[in-house]
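Notes follow once the structure below has been shown.
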Amino acid sequence: MMADIFLDPFTHFEFMRRALIACLALALGSGPVGVFLVLRRMSLVGDALSHAIMPGAAAGFLIAGLSLPAMSLGGFVAGLCVALLSGIVTRLTRQREDASFAAFYLMSLAAGVLIVSMRGSNVDLMHVLFGTILAVDDLSLLLVAGIASVSTLLFSLIYRPLVVECFDPGFLRSVHGRGSVYHMAFLVIVVLNLVAGFQALGTLMAVGLMMLPAAASRFWAREVWSLGLLSIALAFLSGYAGLVISFRHNLPSGPAIVLFAGAIYVFSFVFGSNGGLIGALLPRRHLQA
Amino acid sequence: MNAIRLTDVTLGYDRHPAVHHIDGHFEDGSMTAVIGPNGAGKSTLLKGIMGLLPPLTGAITLDGATCGDIAYLPQQADIDREFPLSVLDVVLLGAWKWTGPFGGATRAMRQQAEEALRAVGLEGFGKRQIAALSAGQRQRMLFARLLLQDCRVILLDEPFTAIDARTTADLLALVNHWHEERRTIIAVLHDFVQVRRNFPQTLLLARETIGWGATAEVLTAENLLAAQNMCEAGDDRAPPCRRSAS
């Protein structure tokens, strides 16, 4: 029966239900954020920030043990520091954002490796870094849902200035003054969502659920709002399908989710109606005007 | 009445002056062309007036006008042409003064935006993506946004560069209409024929003022030669400027 495969894991097991809800919250938060990272040509900044969060989470682990609040707080602080410092360097000096982000996240990553090595190899810590969505408990579910809510609210609040800051920063400055405050608020939202994702997917995989659906939806949708909605849907679909696959075949859930999102991306760039490969290789007859 | 007064204004980047000790004023309701060679400080001057670049010396005073009363059209290169927005949404941004960053657009604003699109010859383009527009259509769209902004002072930075003759004529008619409505217009231009035909006032800039006044008196062969001989700033061995405000 099809229902056995697609529904049973969730009707029979509470940890699967929790994981599914966590994926929904992550999709709601990360989907639109990823779209804006793509539109701002900052796709790799998400990756840089996810690396930046690692030492904070590891430091939280060293201080407080396997405590989600401590590790989340540590990760948030580390991510925020890297985002703020790179932002400051970009605004005050001539250095471009990609270079300043690279500089600070590499320092952060090195610090993380140092902290991890001080404890030797530690299985619990590896779980933190690579994620265990199947171990999502009430507290982490609340954290993920809370972050998704805050992020969605904050995002809808700064939506218009953020769009204008991407599209025509000169105009925003002429009618509203400097747009940096919205840019920084946006980076805070990125960090928040990566922190939400690290418990479920791991610090390094969290960025996958953020970027892959966003990059894939660019091959279908044509407007900012529809890009956002589609990437939420694709992220949730990846979460659901990844969970089912990992359950059936006894695979780690984080990579399964991200790989499914990757499969959607590959499908999209081949078949996408908006600039996909097939459309480019099989040109239809041109129109009269 | 003076809309904008420049008092010993120096604007620049990294201590190098792009606009050097300029004095003068743009009268309320005047229509001025700013011309000069590349690197003469024309765009820098507009940025200074907009308050995007603080003066190194001197002061720019806006008489009675606040920043919200000035509309600014930057050079074409400054916008992201691939951004997934519809033409109508971009024009509606002109209503920022009333919507602010968070408020919604009313039906009246939408109607205004549709009318502005009609006025610039883009009727029926509202739903299209901006990525699909030609350079001329994009400039028409940005003029529609200026229409919606409805500002006392309008700054245009090379509005007709890389724009064909027909679009230029249409948009120039709009600018002339603004002039009739007694708005203050300052436009950076390169086409002398266009300036002579349409702009009563001219500021000829070559880092310093070469001439500023009635167009026929400023656009003389002598002045143009003087402007051409300007050397661009950026000499790191140049000594500090000792000229003080008079």
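Residue numbering restarts at 1 in every chain; chains get A, B, ... in the order shown in the structure tokens, and ligands count up from 1 in that same order.
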Task: region 9-22 of chain B surroundings by only C-alpha atoms, 6 Å radius, close-in-sequence under 3 positions cut, as a ChimeraX atom specification - done: /B:6,41,55-59,207-208,234
Open item on the list: DSSP on the backbone, strand (DSSP E) only: what residues of region 4-236 of chain B does that give? Format it as an MDAnalysis selection string.
Closed with: chainID B and resid 4:13 16:27 31:35 57:62 70:73 153:157 184:188 201:206 208:214
TODO: Output the contact residues of chain A with respect to chain B at a cut-off of 8 Å, based on only C-alpha atoms, as a list in words.
DONE: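 That gives the following set of residues: Leu39, Leu157, Ile158, Arg160, Pro161, Cys166, Phe167, Asp168, Pro169, Gly170, Phe171, Arg173, Ser174, Val175, Arg222, Glu223 and Val224 of chain A.
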Write out the residues from the selection above, keeping C-alpha atoms, as a PDB file, in the first residue's frame.
ATOM      1  CA  LEU A  39      18.469  37.647  -5.443  1.00  0.00           C
ATOM      2  CA  LEU A 157       8.115  43.896   8.350  1.00  0.00           C
ATOM      3  CA  ILE A 158      11.274  44.715   6.390  1.00  0.00           C
ATOM      4  CA  ARG A 160       9.585  46.285   1.061  1.00  0.00           C
ATOM      5  CA  PRO A 161      12.727  48.188   2.065  1.00  0.00           C
ATOM      6  CA  CYS A 166      18.354  44.883  -3.524  1.00  0.00           C
ATOM      7  CA  PHE A 167      16.853  46.348  -6.650  1.00  0.00           C
ATOM      8  CA  ASP A 168      17.658  50.051  -6.462  1.00  0.00           C
ATOM      9  CA  PRO A 169      19.694  51.041  -3.385  1.00  0.00           C
ATOM     10  CA  GLY A 170      20.146  54.588  -4.699  1.00  0.00           C
ATOM     11  CA  PHE A 171      16.381  55.099  -4.706  1.00  0.00           C
ATOM     12  CA  ARG A 173      18.687  56.189   0.033  1.00  0.00           C
ATOM     13  CA  SER A 174      17.037  59.098  -1.777  1.00  0.00           C
ATOM     14  CA  VAL A 175      13.594  58.529  -0.239  1.00  0.00           C
ATOM     15  CA  ARG A 222       8.958  35.056 -11.855  1.00  0.00           C
ATOM     16  CA  GLU A 223       8.138  37.391  -8.976  1.00  0.00           C
ATOM     17  CA  VAL A 224       9.608  37.855  -5.528  1.00  0.00           C
TER      18      VAL A 224
END
- [ ] Going by DSSP on the backbone, which bits of region 94-212 of chain B are helix (DSSP H, G or I)? Write them as a PyMOL selection string, please.
- [x] chain B and resi 94-99+107-119+130-132+135-149+165-180+192-198
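CA of Leu117 (chain B) lies 5.7 Å from CA of Ala144 (chain B).
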Open item on the list: Give me the residues near region 6-21 of chain A as a list in words, where near means some atom within 9 Å (using only C-alpha atoms) and where sequence neighbours in that chain fewer than 5 positions away do not count.
Closed with: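 Here the answer would be Leu26, Ile133, Leu134, Ala135, Val136, Asp137, Asp138, Leu141, Ala145, Ala200, Phe236, Gly239, Tyr240, Ala241, Leu243, Val244, Phe247 and Arg248 of chain A.
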Next, the residues of the selection above should be written as a tab-separated table (two decimals), in the first residue's frame with C-alpha atoms.
chain	number	residue	atom	x	y	z
A	26	LEU	CA	12.24	25.37	8.93
A	133	ILE	CA	16.35	15.64	13.26
A	134	LEU	CA	14.98	12.36	14.58
A	135	ALA	CA	15.99	13.43	18.09
A	136	VAL	CA	13.97	16.64	18.05
A	137	ASP	CA	12.35	17.00	21.48
A	138	ASP	CA	9.72	19.43	22.76
A	141	LEU	CA	10.61	21.97	18.49
A	145	ALA	CA	8.93	27.07	15.70
A	200	ALA	CA	17.60	19.38	12.89
A	236	PHE	CA	8.74	21.38	3.01
A	239	GLY	CA	11.78	17.74	4.39
A	240	TYR	CA	8.87	15.33	4.08
A	241	ALA	CA	10.37	13.20	1.32
A	243	LEU	CA	12.22	11.91	6.21
A	244	VAL	CA	10.31	9.16	4.44
A	247	PHE	CA	12.97	6.11	7.55
A	248	ARG	CA	12.51	3.47	4.85
Task: Contacts of region 81-89 of chain A within 12 Å, only C-alpha atoms, excl. fewer than 4 positions in-chain, as a PyMOL selection string - done: chain A and resi 45-46+48-56+74-77+93-109+180-192
Task: Coordinates-based distance that separates CA of His177 (chain B) from CA of Arg107 (chain B) (Å, one decimal) - done: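 We find that CA of Arg107 (chain B) and CA of His177 (chain B) lie 25.9 Å from each other.
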- [ ] Could you check which of B:Leu189, B:Ala40, B:Ala33, B:Ala135 is closest to Thr202 (chain B), using only C-alpha atoms?
- [x]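 Distance minimum relative to Thr202 (chain B) lands on B:Ala33.
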Would you pick out the contacts of Gln137 (chain B) at 10 Å or less, using only C-alpha atoms, so that residues sharing its chain but fewer than 6 positions from it are not included, and give the list as a PDB file with N, CA, C and O atoms, in the first residue's frame?
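Final output, selection14.pdb:
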ATOM      1  N   VAL B  87       6.542  45.948 -13.553  1.00  0.00           N
ATOM      2  CA  VAL B  87       6.680  47.369 -13.853  1.00  0.00           C
ATOM      3  C   VAL B  87       5.809  48.209 -12.918  1.00  0.00           C
ATOM      4  O   VAL B  87       6.259  49.225 -12.379  1.00  0.00           O
ATOM      5  N   VAL B 120       3.926  58.100 -19.804  1.00  0.00           N
ATOM      6  CA  VAL B 120       5.264  57.856 -20.363  1.00  0.00           C
ATOM      7  C   VAL B 120       5.203  56.901 -21.555  1.00  0.00           C
ATOM      8  O   VAL B 120       6.244  56.480 -22.062  1.00  0.00           O
ATOM      9  N   GLY B 121       3.979  56.562 -21.994  1.00  0.00           N
ATOM     10  CA  GLY B 121       3.850  55.708 -23.181  1.00  0.00           C
ATOM     11  C   GLY B 121       4.053  54.231 -22.895  1.00  0.00           C
ATOM     12  O   GLY B 121       4.486  53.478 -23.758  1.00  0.00           O
ATOM     13  N   LEU B 122       3.764  53.799 -21.671  1.00  0.00           N
ATOM     14  CA  LEU B 122       3.908  52.377 -21.330  1.00  0.00           C
ATOM     15  C   LEU B 122       2.572  51.784 -20.906  1.00  0.00           C
ATOM     16  O   LEU B 122       2.512  50.914 -20.040  1.00  0.00           O
ATOM     17  N   PHE B 125       1.742  47.981 -19.751  1.00  0.00           N
ATOM     18  CA  PHE B 125       2.990  47.294 -19.403  1.00  0.00           C
ATOM     19  C   PHE B 125       3.054  46.927 -17.925  1.00  0.00           C
ATOM     20  O   PHE B 125       4.021  46.300 -17.494  1.00  0.00           O
ATOM     21  N   ILE B 130      10.370  43.618 -15.171  1.00  0.00           N
ATOM     22  CA  ILE B 130      11.298  44.657 -15.613  1.00  0.00           C
ATOM     23  C   ILE B 130      12.454  44.068 -16.408  1.00  0.00           C
ATOM     24  O   ILE B 130      13.044  44.743 -17.244  1.00  0.00           O
ATOM     25  N   PHE B 143      10.829  57.210 -15.241  1.00  0.00           N
ATOM     26  CA  PHE B 143      10.194  58.536 -15.307  1.00  0.00           C
ATOM     27  C   PHE B 143       8.776  58.471 -14.734  1.00  0.00           C
ATOM     28  O   PHE B 143       8.322  59.423 -14.093  1.00  0.00           O
ATOM     29  N   ILE B 163      19.757  56.246 -24.912  1.00  0.00           N
ATOM     30  CA  ILE B 163      18.314  56.214 -25.156  1.00  0.00           C
ATOM     31  C   ILE B 163      18.062  56.755 -26.565  1.00  0.00           C
ATOM     32  O   ILE B 163      18.689  57.732 -26.965  1.00  0.00           O
ATOM     33  N   THR B 167      12.325  58.138 -27.735  1.00  0.00           N
ATOM     34  CA  THR B 167      12.134  58.091 -26.284  1.00  0.00           C
ATOM     35  C   THR B 167      12.649  59.376 -25.644  1.00  0.00           C
ATOM     36  O   THR B 167      12.000  59.954 -24.766  1.00  0.00           O
TER      37      THR B 167
END
- [ ] Tell me, in Å to one decimal, how far CA of Asp170 (chain B) is from CA of Leu205 (chain B).
- [x]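 If I compute the distance from CA of Asp170 (chain B) to CA of Leu205 (chain B), I get 27.0 Å.
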Task: Residue nearest Phe61 (chain A) - candidates A:Ala256, A:Val116, A:Ala110, A:Ile232, atoms counted: only C-alpha atoms - done: A:Val116
